[in-house]
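K.L.:
My structure is below; once you've seen it, I'll send some questions.
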Amino acid sequence: MSEEAKHSEHEHHIVSPKVYGAILVALLVGTALTVWASYVDLGVLNPIIALAIACTKATLVVLFFMHVKYSSTLTKLTVFCGVFLFLTLIGMTLADYISRAWGQW
Amino acid sequence: MSTNTIISLPDQSTARVPKVNYLSKENGILSWLLTGDHKRIAILYLISLSFFFFIGGALAGLIRLELLTPQADLMATDTYNKVFTMHGVIMIFFFLVPSVPATLGNFLIPLMIGAKDLALPKINLLSWYLYMAGGILALYTMVTGGVDTGWTFTTPLSTHYVNTNVLTTGLAAFIAGFSSIFTGLNFIVTIHKMRAPGMTWFKLPLFVWAHYAASVLMVLATPVVAIAIVLVALERTIGIGVFDPTKGGDPLLFQHLFWFYSHPAVYIMILPGMGVISEVISTFSRKRVFGYTAVAFSSVAIAVFGFFVWAHHMFIMGISNYAVIVFSLLTMLVAVPSAIKIFNWAFTLYKGSITFETPMLYAFGFMGLFTIGGLTGVFLGVSGTDIHLTETYFIVAHFHFVMVGGMLMAFLAGIHFWWPKMTGRMYPEKISQMAAVVTFIGFNFTFFPQFILGTLGMPRRYASYPPEFQILNVFSTAGASILGVGYLLPVLYLVWSLKYGAVAGDNPWQATGLEWQTQSPPLTENFLKTPIMDHDVYDYEWLEAQKEKEVASAG
Amino acid sequence: MPDSHAIAESAHETAHQAGHEHPSYLRHHFESVEQQADATNFAMWLFLLTEVMFFGGLFTAYLIYRNWYYPAFVAASHQLSIPLGGFNTLLLITSSFTMAMGVWCAEMKKKSGLVLCLVLTLILGLGFLGVKTIEYSEKFEKHHVPSYHYSLNSFLNPDSDEAAKASGDKPMALDMARHTEVYFSLYFAMTGMHALHMIIGIAILGFMIFRAQAGAYTSGHVTFVENFGLYWHFVDIVWIFLFPLLYLISRH
């Protein structure tokens, strides 16, 4: 079986525990950071920073815990598709809600 | 491509139904209910889908019968609401969405790409069980009082104002949705990972491309309606306030979420049908599909554009004027890939060696009716005319032209086209040609008057109407009875042909797909050895050469 | 795409020609173990896409109402406990780590390590649900459950409420205060849906621990562990977004 693992270039890339540990630390730091940032008044930046941290954390999980960094283009494309459509759903729905207030003409 | 090929369909008198095939491999009801074979699951789907189709059809018959007279005299108006709701729910969730993918797609995709099965056979079987669970639940709600929200479950009607079986019907749609997700997921994985050696993306039959595009929609759009249904259920049971205006929720949000699925859903319904038409037109014109790449990409384009147009169902519902403009313009985009398909099919016919077997007749029906349905869609996509025409019979006629005139014609074309492959026997040609013509006539009689009714202003969803609309409604009802005959006939002669039909042989149509290069009905493993795709797709010259080789070796 | 596929194809071919024995877990319709692993992995990713869109509907709803009723959302979010929520985030992130380590153990064929990781993941998951139960029961006590004797007291009269007082909330107009119910509707819908995914995950984890003890995943066939790992990480990601959106709207 181990000999077989060599055949496919992406499937069995084994991420070392060190990387996992580093990601864990980064995620915990990110959590602390986002809690701290929420107590600081940054005005309009507050939600942006909170989301930016969340996105960074999510990206780390996707890239390393979920091995996307080492996966095929297809997997990367799949993830991209999901994110894109998620943003489409939110963006285009919000487009309606935002412009409702602009009123009639 | 030689344009003057003399078509000689193979002599079927010497053909035998092979003793070993997927139907005869195992016997007994359990071998069917626990099967992992995509072909058997397709047959299970075909039987159950037909069952639901005729239930939905009977409900349609009731609707037309009620509308024969201006008064609400056949049934109470409440009952009428329930009848058209159940007609919509059953036809959409339990017939149109799974129709071609779950039967023909299930049966053919592995055969066409040269695989032994779908990637996930157990998930495939699970999706059939989910479909059945949803279907039975829907029937249960129908006999225990029904539901009268319309198939759209529009809030706040569905959450606050009606006291019918919204929950169970919603659950039925939810479950059917997962069945559809699993089918789509299975197709995508199969098409990506299971292709035979040499089967590159641009050698895939257009049927497979169309299913790929539809599967993407199934996987990505269905969960959004699932969460919308969950929220409706929570609102009805617990009373959370997401869609409830009295608590600050927005009922329109439900429609956004609902149509985010249900608009792509119409492409889930029509795209596989377009795939069928591509195959049929190519085979019976003996020509490679004109503009193969354009047709392939137009399927994908329809799927992609399909995600950006959903709010055109909500033009009069109170969304912002600016959103109306944007969605109206985006809606026009969808016309482009649809037109690409129609034009390319027409060019495929040009100088082809056309013959008029039943599948081809249905395909012609599709092209004409779908074009009318599509063009009237433009009227509805333009917000100005939409405000006049929406919620009238114009809409009803429009989507029946696309769904019944388009999709159902394609479904029947596909069933007839691949019937020899599925069963090993031919359907009777003459009577089925008649059925195709009867369907076409009946369809136009039923639905064309509804365009006129709509422009005259007859609103949909009412059991009664002003007397001046009666003549056209009588036309429509009369047409529906012809249409009913057109749909019953295939059931009768197709069942008859199971035993008495002529034996088909491997490739009765002289089609080029890989599915025709194996025996009919196929083996459980589909192919004796994994096929190698060493020729181009729709390569009729290759097929001719193959035949000559066979004759030479036999001689 | 065609290129990488062609490479994969040829890899299968060579594997075949090497004439190795088919392992028992290779299903009949696949050409090779790689194809099977590839296909199931891709299928799992597609399933996660549906999950993304499933939660997408909830996030859309959340964003709309947050913009409409921002003051109500701020006040209502003050009713959630950051220590509890933060602790839960900690638990879930750590469980994601142990899950990732579990996949590593499976790949390295370390059976006891795998079982340990799975058990730890299970415990951390249960811990998360336990904390969630505490949080939920507090909501019931304070009548912050939508349409279940829903009480506006904490928002109309923040001085009477410890959490509201601590964050220095001002009394709200009735009209805006009523919309805290929308916040809690979404709170329960989103965290409830997330918790449901956790429960399903924990059930599968329990099943996996038994199978792992029997050595099912440490003989080279790690697909199931890997795919479950993907699911578990996805659930983690959902929480990574839920935590700032629900708990940390505005604390200053």
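All residue names refer to the structure tokens as shown: chains lettered A, B, ... in order, residues numbered from 1 in each chain, ligands numbered from 1 in order.
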Tell me the residues of chain C close to chain A, meaning within 8 Å using only C-alpha atoms, as an MDAnalysis selection string.

P.N.:
chainID C and resid 1 8 11 15 34 37:38 42 45:46 49 52:53 56:57 59:60 64 86 89:90 93:94 96:97 100:101 104 107 220 229:230 233 237 240:241 244:245 248:252

K.L.:
Neighbouring residues of Gly130 of chain C were defined as those with any atom within 12 Å, considering only C-alpha atoms; residues of the same chain fewer than 5 positions away were excluded. Please report them as an NGL selection string.

P.N.:
:C and (84-85 or 87-88 or 91 or 123-125 or 135-137 or 195 or 198-199)

K.L.:
Keeping only C-alpha atoms, write those residues as a PDB file, in the first residue's frame.

P.N.:
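To be explicit, this is the file written out as again-v6.pdb:
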ATOM      1  CA  LEU C  84     -18.680  30.730  27.484  1.00  0.00           C
ATOM      2  CA  GLY C  85     -18.635  31.451  23.777  1.00  0.00           C
ATOM      3  CA  PHE C  87     -14.387  28.726  25.721  1.00  0.00           C
ATOM      4  CA  ASN C  88     -16.552  26.919  23.192  1.00  0.00           C
ATOM      5  CA  LEU C  91     -12.976  23.576  22.517  1.00  0.00           C
ATOM      6  CA  ILE C 123     -14.994  14.594  24.399  1.00  0.00           C
ATOM      7  CA  LEU C 124     -14.279  18.099  23.146  1.00  0.00           C
ATOM      8  CA  GLY C 125     -17.376  17.937  20.946  1.00  0.00           C
ATOM      9  CA  GLU C 135     -26.139  28.858  27.376  1.00  0.00           C
ATOM     10  CA  TYR C 136     -29.484  27.687  26.014  1.00  0.00           C
ATOM     11  CA  SER C 137     -30.949  27.036  29.445  1.00  0.00           C
ATOM     12  CA  ALA C 195     -25.375  21.971  17.093  1.00  0.00           C
ATOM     13  CA  MET C 198     -22.227  18.546  15.899  1.00  0.00           C
ATOM     14  CA  ILE C 199     -24.605  15.885  17.176  1.00  0.00           C
TER      15      ILE C 199
END

K.L.:
Please identify every residue of chain A that has at least one atom no more than 6 Å from any atom of chain B, counting only C-alpha atoms, and report them as a compact mmCIF listing (two decimals) with N, CA and C atoms, in the first residue's frame.

P.N.:
# COMPACT_ATOMS: atom_id res chain seq x y z
N ASP A 96 -30.70 43.88 -3.39
CA ASP A 96 -32.11 44.27 -3.32
C ASP A 96 -32.38 45.08 -2.06
N SER A 99 -30.83 48.67 -2.01
CA SER A 99 -31.36 49.67 -2.93
C SER A 99 -32.84 49.94 -2.73
N ARG A 100 -33.50 49.18 -1.85
CA ARG A 100 -34.91 49.47 -1.60
C ARG A 100 -35.09 50.88 -1.06

K.L.:
Residues of chain C within 6 Å of chain B, using only C-alpha atoms, as a short mmCIF file (atom, residue, chain, number, x, y, z; two decimals) with C-alpha atoms, in the first residue's frame?

P.N.:
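Dumped to iface-v4.cif:
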data_model
loop_
_atom_site.label_atom_id
_atom_site.label_comp_id
_atom_site.auth_asym_id
_atom_site.auth_seq_id
_atom_site.Cartn_x
_atom_site.Cartn_y
_atom_site.Cartn_z
CA HIS C 29 -16.70 -0.47 -10.05
CA ALA C 39 -13.90 10.03 -5.97
CA ALA C 43 -17.90 13.69 -3.25
CA THR C 50 -24.21 21.97 -0.19
CA MET C 53 -25.11 26.95 0.78
CA PHE C 54 -27.37 25.54 3.50
CA GLY C 57 -29.31 31.09 3.68
CA PRO C 146 -38.53 33.51 20.57
CA SER C 147 -42.30 33.23 21.04
CA HIS C 179 -36.61 43.19 17.16
CA VAL C 182 -35.38 38.40 15.41
CA SER C 185 -34.61 33.63 16.26
#

K.L.:
Let's see if you can do this: from backbone DSSP, list all helix (DSSP H, G or I) residues in segment 11-244 of chain C, as number ranges by chain.

P.N.:
C: 11-17, 33-68, 70-77, 82-107, 111-141, 153-156, 158-160, 162-166, 174-177, 180-213, 223-244

K.L.:
Grab the atom CA of Thr439 of chain B to atom CA of Gly454 of chain B distance for me, in Å with one decimal place.

P.N.:
22.6 Å

K.L.:
Write out as a VMD selection string each polymer residue whose atoms come within 9 Å of Met44 of chain C, counting only C-alpha atoms; drop sequence neighbours fewer than 6 positions from it.

P.N.:
chain C and resid 227 to 228 230 to 231

K.L.:
Write the selection just made, keeping N, CA, C and O atoms, as a PDB file, in the first residue's frame?

P.N.:
ATOM      1  N   ASN C 227     -12.517  11.864   5.244  1.00  0.00           N
ATOM      2  CA  ASN C 227     -13.740  12.551   4.857  1.00  0.00           C
ATOM      3  C   ASN C 227     -14.516  13.036   6.074  1.00  0.00           C
ATOM      4  O   ASN C 227     -15.088  14.119   6.067  1.00  0.00           O
ATOM      5  N   PHE C 228     -14.521  12.223   7.119  1.00  0.00           N
ATOM      6  CA  PHE C 228     -15.177  12.708   8.328  1.00  0.00           C
ATOM      7  C   PHE C 228     -14.435  13.928   8.870  1.00  0.00           C
ATOM      8  O   PHE C 228     -15.052  14.886   9.346  1.00  0.00           O
ATOM      9  N   LEU C 230     -12.966  16.181   7.166  1.00  0.00           N
ATOM     10  CA  LEU C 230     -13.416  17.344   6.399  1.00  0.00           C
ATOM     11  C   LEU C 230     -14.717  17.885   6.959  1.00  0.00           C
ATOM     12  O   LEU C 230     -14.892  19.088   7.133  1.00  0.00           O
ATOM     13  N   TYR C 231     -15.637  16.979   7.253  1.00  0.00           N
ATOM     14  CA  TYR C 231     -16.936  17.385   7.805  1.00  0.00           C
ATOM     15  C   TYR C 231     -16.733  18.117   9.138  1.00  0.00           C
ATOM     16  O   TYR C 231     -17.288  19.194   9.361  1.00  0.00           O
TER      17      TYR C 231
END

K.L.:
Quick one: residues within 10 Å of segment 50-55 of chain B, only C-alpha atoms, excluding same-chain residues fewer than 4 positions away - as a PyMOL selection string?

P.N.:
chain B and resi 45-46+59-61+86-87+90-96+99+135-136+139+484+487-488+491

K.L.:
Work out how far atom CA of Phe445 of chain B is from atom CA of Phe469 of chain B, in Å to one decimal.

P.N.:
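We find that atom CA of Phe469 of chain B and atom CA of Phe445 of chain B lie 15.2 Å from each other.
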
K.L.:
Could you state the separation of atom CA of Val404 of chain B and atom CA of His263 of chain B in Å, given to one decimal place?

P.N.:
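Pair atom CA of Val404 of chain B / atom CA of His263 of chain B returns 16.5 Å.
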
K.L.:
Would you kindly return, as a PyMOL selection string, each protein, DNA or RNA residue with an atom no farther than 8 Å from any atom of segment 159-174 of chain C, considering only C-alpha atoms and excluding same-chain residues fewer than 5 positions away?

P.N.:
chain C and resi 75+78-79+153-154+251-252

K.L.:
Would you put the residues from that selection into a file with all heavy atoms, as a PDB file, in the first residue's frame?

P.N.:
ATOM      1  N   ALA C  75     -27.730  45.032  21.464  1.00  0.00           N
ATOM      2  CA  ALA C  75     -28.209  44.792  22.822  1.00  0.00           C
ATOM      3  C   ALA C  75     -28.423  43.308  23.062  1.00  0.00           C
ATOM      4  O   ALA C  75     -28.057  42.771  24.119  1.00  0.00           O
ATOM      5  CB  ALA C  75     -29.500  45.564  23.056  1.00  0.00           C
ATOM      6  N   HIS C  78     -25.358  41.308  23.702  1.00  0.00           N
ATOM      7  CA  HIS C  78     -24.784  41.469  25.043  1.00  0.00           C
ATOM      8  C   HIS C  78     -25.313  40.438  26.016  1.00  0.00           C
ATOM      9  O   HIS C  78     -24.771  40.268  27.103  1.00  0.00           O
ATOM     10  CB  HIS C  78     -25.059  42.886  25.564  1.00  0.00           C
ATOM     11  CG  HIS C  78     -24.282  43.921  24.814  1.00  0.00           C
ATOM     12  ND1 HIS C  78     -24.552  45.259  24.911  1.00  0.00           N
ATOM     13  CD2 HIS C  78     -23.263  43.815  23.937  1.00  0.00           C
ATOM     14  CE1 HIS C  78     -23.735  45.938  24.129  1.00  0.00           C
ATOM     15  NE2 HIS C  78     -22.940  45.075  23.526  1.00  0.00           N
ATOM     16  N   GLN C  79     -26.404  39.786  25.636  1.00  0.00           N
ATOM     17  CA  GLN C  79     -26.957  38.751  26.507  1.00  0.00           C
ATOM     18  C   GLN C  79     -26.188  37.438  26.399  1.00  0.00           C
ATOM     19  O   GLN C  79     -26.414  36.520  27.173  1.00  0.00           O
ATOM     20  CB  GLN C  79     -28.432  38.501  26.147  1.00  0.00           C
ATOM     21  CG  GLN C  79     -29.327  39.692  26.396  1.00  0.00           C
ATOM     22  CD  GLN C  79     -29.367  40.062  27.855  1.00  0.00           C
ATOM     23  OE1 GLN C  79     -29.410  39.197  28.722  1.00  0.00           O
ATOM     24  NE2 GLN C  79     -29.335  41.355  28.152  1.00  0.00           N
ATOM     25  N   ASN C 153     -37.818  42.519  28.823  1.00  0.00           N
ATOM     26  CA  ASN C 153     -37.399  43.227  30.023  1.00  0.00           C
ATOM     27  C   ASN C 153     -35.932  43.662  29.991  1.00  0.00           C
ATOM     28  O   ASN C 153     -35.610  44.799  30.315  1.00  0.00           O
ATOM     29  CB  ASN C 153     -37.653  42.328  31.243  1.00  0.00           C
ATOM     30  CG  ASN C 153     -37.609  43.125  32.517  1.00  0.00           C
ATOM     31  OD1 ASN C 153     -37.954  44.311  32.498  1.00  0.00           O
ATOM     32  ND2 ASN C 153     -37.188  42.508  33.592  1.00  0.00           N
ATOM     33  N   SER C 154     -35.055  42.758  29.555  1.00  0.00           N
ATOM     34  CA  SER C 154     -33.627  43.075  29.574  1.00  0.00           C
ATOM     35  C   SER C 154     -33.296  44.252  28.680  1.00  0.00           C
ATOM     36  O   SER C 154     -32.257  44.875  28.839  1.00  0.00           O
ATOM     37  CB  SER C 154     -32.812  41.869  29.098  1.00  0.00           C
ATOM     38  OG  SER C 154     -33.360  40.694  29.608  1.00  0.00           O
ATOM     39  N   ARG C 251     -18.875  45.360  21.556  1.00  0.00           N
ATOM     40  CA  ARG C 251     -18.734  45.194  23.000  1.00  0.00           C
ATOM     41  C   ARG C 251     -18.171  46.438  23.655  1.00  0.00           C
ATOM     42  O   ARG C 251     -18.004  46.476  24.842  1.00  0.00           O
ATOM     43  CB  ARG C 251     -17.810  44.008  23.287  1.00  0.00           C
ATOM     44  CG  ARG C 251     -18.443  42.671  22.945  1.00  0.00           C
ATOM     45  CD  ARG C 251     -19.507  42.324  23.958  1.00  0.00           C
ATOM     46  NE  ARG C 251     -20.116  41.040  23.663  1.00  0.00           N
ATOM     47  CZ  ARG C 251     -20.933  40.398  24.475  1.00  0.00           C
ATOM     48  NH1 ARG C 251     -21.224  40.906  25.653  1.00  0.00           N
ATOM     49  NH2 ARG C 251     -21.474  39.264  24.142  1.00  0.00           N
ATOM     50  N   HIS C 252     -17.805  47.438  22.876  1.00  0.00           N
ATOM     51  CA  HIS C 252     -17.166  48.581  23.500  1.00  0.00           C
ATOM     52  C   HIS C 252     -18.230  49.537  24.045  1.00  0.00           C
ATOM     53  O   HIS C 252     -19.325  49.621  23.550  1.00  0.00           O
ATOM     54  CB  HIS C 252     -16.269  49.311  22.510  1.00  0.00           C
ATOM     55  CG  HIS C 252     -16.895  49.465  21.151  1.00  0.00           C
ATOM     56  ND1 HIS C 252     -16.735  48.505  20.167  1.00  0.00           N
ATOM     57  CD2 HIS C 252     -17.688  50.402  20.635  1.00  0.00           C
ATOM     58  CE1 HIS C 252     -17.404  48.881  19.102  1.00  0.00           C
ATOM     59  NE2 HIS C 252     -18.003  50.010  19.355  1.00  0.00           N
TER      60      HIS C 252
END

K.L.:
For Leu369 of chain B, work out the shell of residues within 8 Å, counting only C-alpha atoms and skipping chain neighbours fewer than 6 positions away, then give it as a compact mmCIF listing (two decimals) with C-alpha atoms, in the first residue's frame.

P.N.:
# COMPACT_ATOMS: atom_id res chain seq x y z
CA PHE B 401 -44.65 25.36 -22.74
CA VAL B 402 -41.18 25.06 -21.32
CA GLY B 405 -43.86 21.14 -24.13
CA GLY B 406 -40.12 21.18 -23.60

K.L.:
May I have the residues within 10 Å of Phe84 of chain B as a list in words, using only C-alpha atoms and disregarding those fewer than 4 positions away in the same chain?

P.N.:
Gly56, Leu59, Ala60, Leu62, Ile63, Thr79, Tyr80, Gly88, Val89, Ile90, Val147, Asp148, Thr149, Gly150, Trp151, Arg461, Tyr462 and Ala463 of chain B
